[in-house]
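As provided, target_20.pdb (PDB, C-alpha atoms) reads as follows.
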ATOM      1  CA  MET A   1     -12.442  -2.070  33.933
ATOM      2  CA  ASN A   2     -11.765  -2.132  37.646
ATOM      3  CA  PRO A   3     -10.689  -5.237  39.624
ATOM      4  CA  GLY A   4     -14.143  -5.656  41.220
ATOM      5  CA  ASP A   5     -15.870  -5.773  37.829
ATOM      6  CA  ALA A   6     -13.186  -8.162  36.561
ATOM      7  CA  GLN A   7     -13.872 -10.493  39.481
ATOM      8  CA  LEU A   8     -17.635 -10.441  38.837
ATOM      9  CA  CYS A   9     -17.045 -11.136  35.145
ATOM     10  CA  ALA A  10     -14.739 -14.082  35.930
ATOM     11  CA  GLN A  11     -17.145 -15.494  38.530
ATOM     12  CA  SER A  12     -19.972 -15.446  35.999
ATOM     13  CA  GLU A  13     -17.944 -17.853  33.802
ATOM     14  CA  LEU A  14     -17.214 -20.436  36.506
ATOM     15  CA  GLN A  15     -18.446 -23.964  35.966
ATOM     16  CA  GLY A  16     -19.824 -26.294  38.630
ATOM     17  CA  GLY A  17     -17.200 -27.131  41.265
ATOM     18  CA  GLU A  18     -14.785 -24.522  39.908
ATOM     19  CA  SER A  19     -13.445 -21.797  42.198
ATOM     20  CA  LEU A  20     -11.758 -18.516  41.366
ATOM     21  CA  VAL A  21      -8.136 -18.252  42.555
ATOM     22  CA  TRP A  22      -7.206 -14.891  40.959
ATOM     23  CA  SER A  23      -8.720 -12.408  38.519
ATOM     24  CA  GLY A  24      -7.826  -9.024  37.108
ATOM     25  CA  PRO A  25      -8.570  -6.680  34.229
ATOM     26  CA  ALA A  26      -6.486  -6.948  31.075
ATOM     27  CA  ASP A  27      -4.138  -4.062  30.303
ATOM     28  CA  PRO A  28      -5.129  -3.018  26.762
ATOM     29  CA  GLY A  29      -2.037  -0.845  26.347
ATOM     30  CA  ARG A  30       0.339  -3.753  27.011
ATOM     31  CA  SER A  31      -1.704  -5.998  24.719
ATOM     32  CA  ALA A  32      -1.511  -3.381  21.956
ATOM     33  CA  MET A  33       2.271  -3.223  22.369
ATOM     34  CA  SER A  34       2.436  -6.967  21.691
ATOM     35  CA  ALA A  35       0.800  -6.344  18.278
ATOM     36  CA  LEU A  36       3.286  -3.614  17.336
ATOM     37  CA  PRO A  37       5.751  -5.852  15.400
ATOM     38  CA  ALA A  38       2.993  -6.931  13.003
ATOM     39  CA  ALA A  39       1.923  -3.308  12.563
ATOM     40  CA  LEU A  40       5.440  -2.359  11.546
ATOM     41  CA  PHE A  41       5.141  -4.863   8.681
ATOM     42  CA  GLY A  42       1.697  -3.552   7.680
ATOM     43  CA  ILE A  43       2.842   0.047   7.154
ATOM     44  CA  PRO A  44       5.251  -0.619   4.250
ATOM     45  CA  PHE A  45       2.835  -3.245   2.850
ATOM     46  CA  ALA A  46       0.055  -0.624   2.685
ATOM     47  CA  ALA A  47       2.457   2.024   1.352
ATOM     48  CA  VAL A  48       3.630  -0.209  -1.511
ATOM     49  CA  ALA A  49       0.025  -1.120  -2.379
ATOM     50  CA  PHE A  50      -0.992   2.545  -2.359
ATOM     51  CA  SER A  51       2.005   3.511  -4.491
ATOM     52  CA  MET A  52       1.220   0.817  -7.057
ATOM     53  CA  MET A  53      -2.442   1.838  -7.172
ATOM     54  CA  SER A  54      -1.452   5.468  -7.653
ATOM     55  CA  LYS A  55       0.965   4.617 -10.469
ATOM     56  CA  ALA A  56      -1.641   2.398 -12.147
ATOM     57  CA  TYR A  57      -4.231   5.173 -11.907
ATOM     58  CA  HIS A  58      -1.947   7.864 -13.316
ATOM     59  CA  GLY A  59      -0.604   5.547 -16.016
ATOM     60  CA  THR A  60      -4.038   4.480 -17.274
ATOM     61  CA  HIS A  61      -5.430   8.013 -16.927
ATOM     62  CA  ASN A  62      -2.556   9.513 -18.967
ATOM     63  CA  LEU A  63      -2.815   6.751 -21.600
ATOM     64  CA  ALA A  64      -6.557   7.313 -21.972
ATOM     65  CA  ASN A  65      -6.042  11.091 -22.319
ATOM     66  CA  GLN A  66      -3.403  10.579 -25.009
ATOM     67  CA  HIS A  67      -5.784   8.500 -27.070
ATOM     68  CA  ASN A  68      -8.816  10.734 -26.396
ATOM     69  CA  THR A  69     -10.982   7.803 -25.333
ATOM     70  CA  LEU A  70     -14.295   8.166 -23.547
ATOM     71  CA  ALA A  71     -13.065   5.936 -20.726
ATOM     72  CA  SER A  72     -10.491   8.504 -19.633
ATOM     73  CA  GLY A  73     -12.218   9.035 -16.287
ATOM     74  CA  PHE A  74     -12.184   5.426 -15.067
ATOM     75  CA  SER A  75      -9.960   2.366 -15.190
ATOM     76  CA  ALA A  76     -10.355  -0.802 -13.147
ATOM     77  CA  LEU A  77      -6.609  -1.501 -13.106
ATOM     78  CA  PRO A  78      -5.871   0.510  -9.919
ATOM     79  CA  LEU A  79      -8.648  -1.371  -8.084
ATOM     80  CA  PHE A  80      -6.632  -4.606  -8.232
ATOM     81  CA  GLY A  81      -4.394  -3.145  -5.516
ATOM     82  CA  LEU A  82      -7.302  -2.333  -3.204
ATOM     83  CA  PRO A  83      -7.343  -5.703  -1.353
ATOM     84  CA  PHE A  84      -3.607  -5.379  -0.681
ATOM     85  CA  LEU A  85      -4.069  -1.832   0.591
ATOM     86  CA  LEU A  86      -6.875  -2.926   2.916
ATOM     87  CA  ILE A  87      -4.845  -5.867   4.237
ATOM     88  CA  GLY A  88      -1.870  -3.577   4.866
ATOM     89  CA  LEU A  89      -4.026  -1.016   6.662
ATOM     90  CA  GLY A  90      -5.683  -3.744   8.733
ATOM     91  CA  VAL A  91      -2.303  -5.108   9.813
ATOM     92  CA  ALA A  92      -0.931  -1.603  10.451
ATOM     93  CA  LEU A  93      -3.931  -0.831  12.655
ATOM     94  CA  SER A  94      -3.775  -4.137  14.557
ATOM     95  CA  PRO A  95      -2.533  -2.485  17.776
ATOM     96  CA  LEU A  96      -5.665  -0.308  17.731
ATOM     97  CA  TRP A  97      -7.951  -3.340  17.270
ATOM     98  CA  VAL A  98      -6.133  -5.209  20.065
ATOM     99  CA  TYR A  99      -6.404  -2.159  22.342
ATOM    100  CA  LEU A 100     -10.147  -1.759  21.719
ATOM    101  CA  LYS A 101     -10.769  -5.476  22.272
ATOM    102  CA  GLY A 102      -8.591  -5.474  25.407
ATOM    103  CA  ARG A 103     -10.488  -2.676  27.148
ATOM    104  CA  SER A 104     -13.138  -5.168  28.225
ATOM    105  CA  GLY A 105     -10.707  -8.043  28.806
ATOM    106  CA  VAL A 106     -10.391 -10.042  32.004
ATOM    107  CA  TYR A 107      -7.790 -12.609  33.005
ATOM    108  CA  ALA A 108      -8.586 -15.289  35.574
ATOM    109  CA  VAL A 109      -6.963 -18.322  37.157
ATOM    110  CA  THR A 110      -9.264 -20.927  38.677
ATOM    111  CA  ASN A 111      -8.603 -24.277  40.304
ATOM    112  CA  ARG A 112      -9.153 -25.865  36.854
ATOM    113  CA  ARG A 113      -7.995 -23.468  34.116
ATOM    114  CA  VAL A 114      -6.720 -20.079  32.996
ATOM    115  CA  MET A 115      -9.378 -17.896  31.349
ATOM    116  CA  LEU A 116      -8.999 -14.985  28.939
ATOM    117  CA  ILE A 117     -12.370 -13.257  28.712
ATOM    118  CA  THR A 118     -13.108 -10.560  26.122
ATOM    119  CA  GLY A 119     -16.193  -8.636  25.098
ATOM    120  CA  THR A 120     -19.154  -7.253  26.957
ATOM    121  CA  SER A 121     -22.336  -7.840  24.964
ATOM    122  CA  SER A 122     -21.031 -10.917  23.133
ATOM    123  CA  ARG A 123     -18.505 -12.458  25.476
ATOM    124  CA  SER A 124     -15.727 -14.780  24.352
ATOM    125  CA  VAL A 125     -13.871 -17.067  26.769
ATOM    126  CA  LYS A 126     -10.584 -18.742  25.890
ATOM    127  CA  SER A 127      -9.666 -21.469  28.362
ATOM    128  CA  ILE A 128      -6.249 -23.001  28.903
ATOM    129  CA  ASN A 129      -6.432 -26.294  30.787
ATOM    130  CA  PRO A 130      -3.504 -27.572  32.884
ATOM    131  CA  THR A 131      -2.766 -30.304  30.321
ATOM    132  CA  ASP A 132      -2.436 -27.607  27.621
ATOM    133  CA  ILE A 133       0.296 -25.716  29.519
ATOM    134  CA  ALA A 134       3.815 -26.627  28.382
ATOM    135  CA  GLY A 135       5.597 -23.862  30.281
ATOM    136  CA  VAL A 136       5.185 -20.528  32.063
ATOM    137  CA  ASN A 137       7.478 -17.496  31.936
ATOM    138  CA  TYR A 138       7.028 -13.947  33.119
ATOM    139  CA  ARG A 139       8.526 -10.510  32.557
ATOM    140  CA  GLU A 140       8.451  -8.208  35.558
ATOM    141  CA  ARG A 141       8.784  -4.416  35.489
ATOM    142  CA  PRO A 142      10.064  -2.369  38.461
ATOM    143  CA  ASP A 143       6.521  -1.630  39.685
ATOM    144  CA  GLY A 144       5.733  -5.366  40.071
ATOM    145  CA  ARG A 145       3.450  -5.465  37.030
ATOM    146  CA  GLY A 146       4.359  -7.567  34.062
ATOM    147  CA  ASP A 147       3.403 -10.160  31.518
ATOM    148  CA  VAL A 148       2.745 -13.858  32.120
ATOM    149  CA  LEU A 149       3.592 -15.876  29.007
ATOM    150  CA  ILE A 150       1.988 -19.322  28.830
ATOM    151  CA  ARG A 151       3.561 -21.652  26.282
ATOM    152  CA  THR A 152       0.918 -24.159  25.220
ATOM    153  CA  ASN A 153       1.105 -27.634  23.746
ATOM    154  CA  SER A 154      -0.736 -26.349  20.661
ATOM    155  CA  VAL A 155       1.340 -25.727  17.561
ATOM    156  CA  VAL A 156       0.966 -23.774  14.344
ATOM    157  CA  ARG A 157       2.441 -25.182  11.158
ATOM    158  CA  THR A 158       4.491 -22.724   9.102
ATOM    159  CA  ASN A 159       6.684 -23.040   6.021
ATOM    160  CA  SER A 160       9.738 -23.414   8.235
ATOM    161  CA  GLY A 161       8.248 -26.052  10.573
ATOM    162  CA  THR A 162       6.046 -25.757  13.628
ATOM    163  CA  THR A 163       5.819 -23.121  16.342
ATOM    164  CA  GLN A 164       4.298 -23.504  19.790
ATOM    165  CA  ILE A 165       1.498 -21.069  20.577
ATOM    166  CA  THR A 166       2.200 -18.699  23.454
ATOM    167  CA  VAL A 167      -0.679 -16.930  25.185
ATOM    168  CA  GLY A 168       0.032 -13.729  27.101
ATOM    169  CA  LEU A 169      -1.594 -12.178  30.142
ATOM    170  CA  TYR A 170      -0.364  -8.604  29.698
ATOM    171  CA  GLY A 171       0.046  -5.906  32.348
ATOM    172  CA  VAL A 172      -0.749  -8.184  35.288
ATOM    173  CA  PRO A 173      -0.205  -6.712  38.771
ATOM    174  CA  ASN A 174       1.937  -8.879  41.094
ATOM    175  CA  VAL A 175       3.162 -10.800  38.079
ATOM    176  CA  LYS A 176       5.329 -13.216  40.105
ATOM    177  CA  GLU A 177       2.328 -14.289  42.181
ATOM    178  CA  VAL A 178       0.108 -14.811  39.127
ATOM    179  CA  ALA A 179       2.843 -16.718  37.256
ATOM    180  CA  GLY A 180       3.235 -18.904  40.351
ATOM    181  CA  LEU A 181      -0.505 -19.639  40.387
ATOM    182  CA  VAL A 182      -0.395 -20.677  36.725
ATOM    183  CA  MET A 183       2.674 -22.876  37.374
ATOM    184  CA  LYS A 184       0.902 -24.481  40.346
ATOM    185  CA  LEU A 185      -2.169 -25.103  38.181
ATOM    186  CA  ARG A 186       0.074 -26.761  35.590
ATOM    187  CA  THR A 187       1.572 -29.202  38.087
ATOM    188  CA  GLN A 188      -1.542 -30.086  40.097
ATOM    189  CA  PRO A 189      -3.500 -33.269  39.421
ATOM    190  CA  VAL A 190      -6.336 -32.829  36.930
ATOM    191  CA  ALA A 191      -9.553 -31.887  38.747
ATOM    192  CA  SER A 192     -12.698 -33.702  37.725
TER     193      SER A 192
END
What's the C-alpha cells form of this structure?
Amino acid sequence: MNPGDAQLCAQSELQGGESLVWSGPADPGRSAMSALPAALFGIPFAAVAFSMMSKAYHGTHNLANQHNTLASGFSALPLFGLPFLLIGLGVALSPLWVYLKGRSGVYAVTNRRVMLITGTSSRSVKSINPTDIAGVNYRERPDGRGDVLIRTNSVVRTNSGTTQITVGLYGVPNVKEVAGLVMKLRTQPVAS
C-alpha cells in the first residue's frame, strides 16, 4: 500500500471532530519479523507431534500385521497427535499470517488516538487512547525507519504474574517524528 492510500484509509476511520496528524502503511516484513520468536517454538512442537504420530502409526500398523487382523490398514491412535501437529504448524507459520495480514495495514496518529487498521473488505481498527498509553519507545535504523513500541496500561495475566501489553508500529518512516507524535498525544489533555 502506498502512503496516499494509507492516508485515505485512515481518513475514512476518523470520528467527528477528529483530525489526522500522521498516517502511513504498515511494513508487513517488519511485522512478520516480530512473530519470528513464536515461530521458532512452533517448529520443534510440530516436529515432535509429527514424530509421535509417525511412531504411533508404525507401531499400530506393525502390531496389526503381526496378529493378522482385518484392521491392519487403519488405527485411530496416530490421529490423537493431529491437533498438536496443527497447532505447531500454525505457530510455525505465524510470520506468514502476520505478513499477509500486514500487507493491508495502516498506522495512524490523530489528535485523539493511535489507530492500527488492518483488512480491506472487512476492516478492523484497533484504537489506543491517550489514557491507555503507559510509555513510548522506538528503535531507529540507519535509514531513519524503525519501530514505535507503545506500552499500554492493559495487562495479560500469566502463570508468573502479569505482563503489560506492548503494541508495535513496525517499519515506520521517520520513526523519531512518529514516536514524538505518540508521546505528545500521551501527554496532551483528553479531547472531548
Inset, instruction - Give as number ranges by chain every residue, naming chains and numbers as the document does, that has an atom within 12 Å of (-2.3, -8.0, 9.8), counting all atoms listed in the file. - result: A: 35-46, 84-98
Legend entry - Given all atoms listed in the file as the counted atoms, nearest of A:Ala6, A:Val156, A:Ala47, A:Ile150 to Gly180 of chain A: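 Closest to Gly180 of chain A, using all atoms listed in the file: A:Ile150.
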Could you work out an axis-aligned box for segment 144-154 of chain A, taking every atom the file lists and adding 8 Å on each side, and report centre and edge lengths in Å to one decimal, as AutoDock Vina command-line options?
--center_x 2.5 --center_y -16.5 --center_z 30.4 --size_x 22.5 --size_y 38.3 --size_z 35.4
Inset, instruction - Could you check how far atom CA of Gly4 of chain A sits from atom CA of Arg112 of chain A, in Å to one decimal? - result: 21.3 Å
Inset, instruction - Quote the spacing between atom CA of Tyr99 of chain A and atom CA of Gly168 of chain A in Å to one decimal place. - result: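 Computing the Euclidean distance for atom CA of Tyr99 of chain A and atom CA of Gly168 of chain A yields 14.1 Å.
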Legend entry - atom CA of Asn174 of chain A to atom CA of Glu13 of chain A, straight-line distance in Å: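 Answer for the atom CA of Glu13 of chain A to atom CA of Asn174 of chain A separation: 23.0 Å.
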Inset, instruction - Apply the PyMOL selection byres ((chain A and resi 30) around 9) to the file shown and report the selected residues as a list in words. - result: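 Written out, the selection comes to Ala26, Asp27, Pro28, Gly29, Ser31, Ala32, Met33, Ser34, Tyr99, Gly146, Asp147, Tyr170 and Gly171 of chain A.
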Shell around Ile133 of chain A at 7 Å using only C-alpha atoms, local window under 6 positions removed, as a PDB file with C-alpha atoms, in the frame of the given file:
ATOM      1  CA  ILE A 150       1.988 -19.322  28.830  1.00  0.00           C
ATOM      2  CA  ARG A 151       3.561 -21.652  26.282  1.00  0.00           C
ATOM      3  CA  THR A 152       0.918 -24.159  25.220  1.00  0.00           C
ATOM      4  CA  ASN A 153       1.105 -27.634  23.746  1.00  0.00           C
ATOM      5  CA  ARG A 186       0.074 -26.761  35.590  1.00  0.00           C
TER       6      ARG A 186
END
Inset, instruction - Counting only C-alpha atoms, find the residues whose atoms lie at most 12 Å from (-3.1, -30.2, 35.4) (file coordinates) and write them out as a PyMOL selection string. - result: chain A and resi 110-114+128-135+181-192
Produce a file of the selected residues containing C-alpha atoms, as a compact mmCIF listing (two decimals), in the coordinates of the input.
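Dumped to selection-v2.txt:
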# COMPACT_ATOMS: atom_id res chain seq x y z
CA THR A 110 -9.26 -20.93 38.68
CA ASN A 111 -8.60 -24.28 40.30
CA ARG A 112 -9.15 -25.86 36.85
CA ARG A 113 -8.00 -23.47 34.12
CA VAL A 114 -6.72 -20.08 33.00
CA ILE A 128 -6.25 -23.00 28.90
CA ASN A 129 -6.43 -26.29 30.79
CA PRO A 130 -3.50 -27.57 32.88
CA THR A 131 -2.77 -30.30 30.32
CA ASP A 132 -2.44 -27.61 27.62
CA ILE A 133 0.30 -25.72 29.52
CA ALA A 134 3.82 -26.63 28.38
CA GLY A 135 5.60 -23.86 30.28
CA LEU A 181 -0.50 -19.64 40.39
CA VAL A 182 -0.40 -20.68 36.72
CA MET A 183 2.67 -22.88 37.37
CA LYS A 184 0.90 -24.48 40.35
CA LEU A 185 -2.17 -25.10 38.18
CA ARG A 186 0.07 -26.76 35.59
CA THR A 187 1.57 -29.20 38.09
CA GLN A 188 -1.54 -30.09 40.10
CA PRO A 189 -3.50 -33.27 39.42
CA VAL A 190 -6.34 -32.83 36.93
CA ALA A 191 -9.55 -31.89 38.75
CA SER A 192 -12.70 -33.70 37.72
Inset, instruction - Pull out every residue that the PyMOL selection byres ((chain A and resi 143) around 12) matches in the shown coordinates and put them as a list of chain:residue names. - result: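 Selected by the PyMOL selection byres ((chain A and resi 143) around 12) in this file: A:Arg139, A:Glu140, A:Arg141, A:Pro142, A:Gly144, A:Arg145, A:Gly146, A:Gly171, A:Val172, A:Pro173, A:Asn174, A:Val175, A:Lys176.
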Inset, instruction - Let me know the residues the PyMOL selection byres ((chain A and resi 155) around 6) catches in the file above, as a ChimeraX atom specification. - result: /A:154,156,163-165
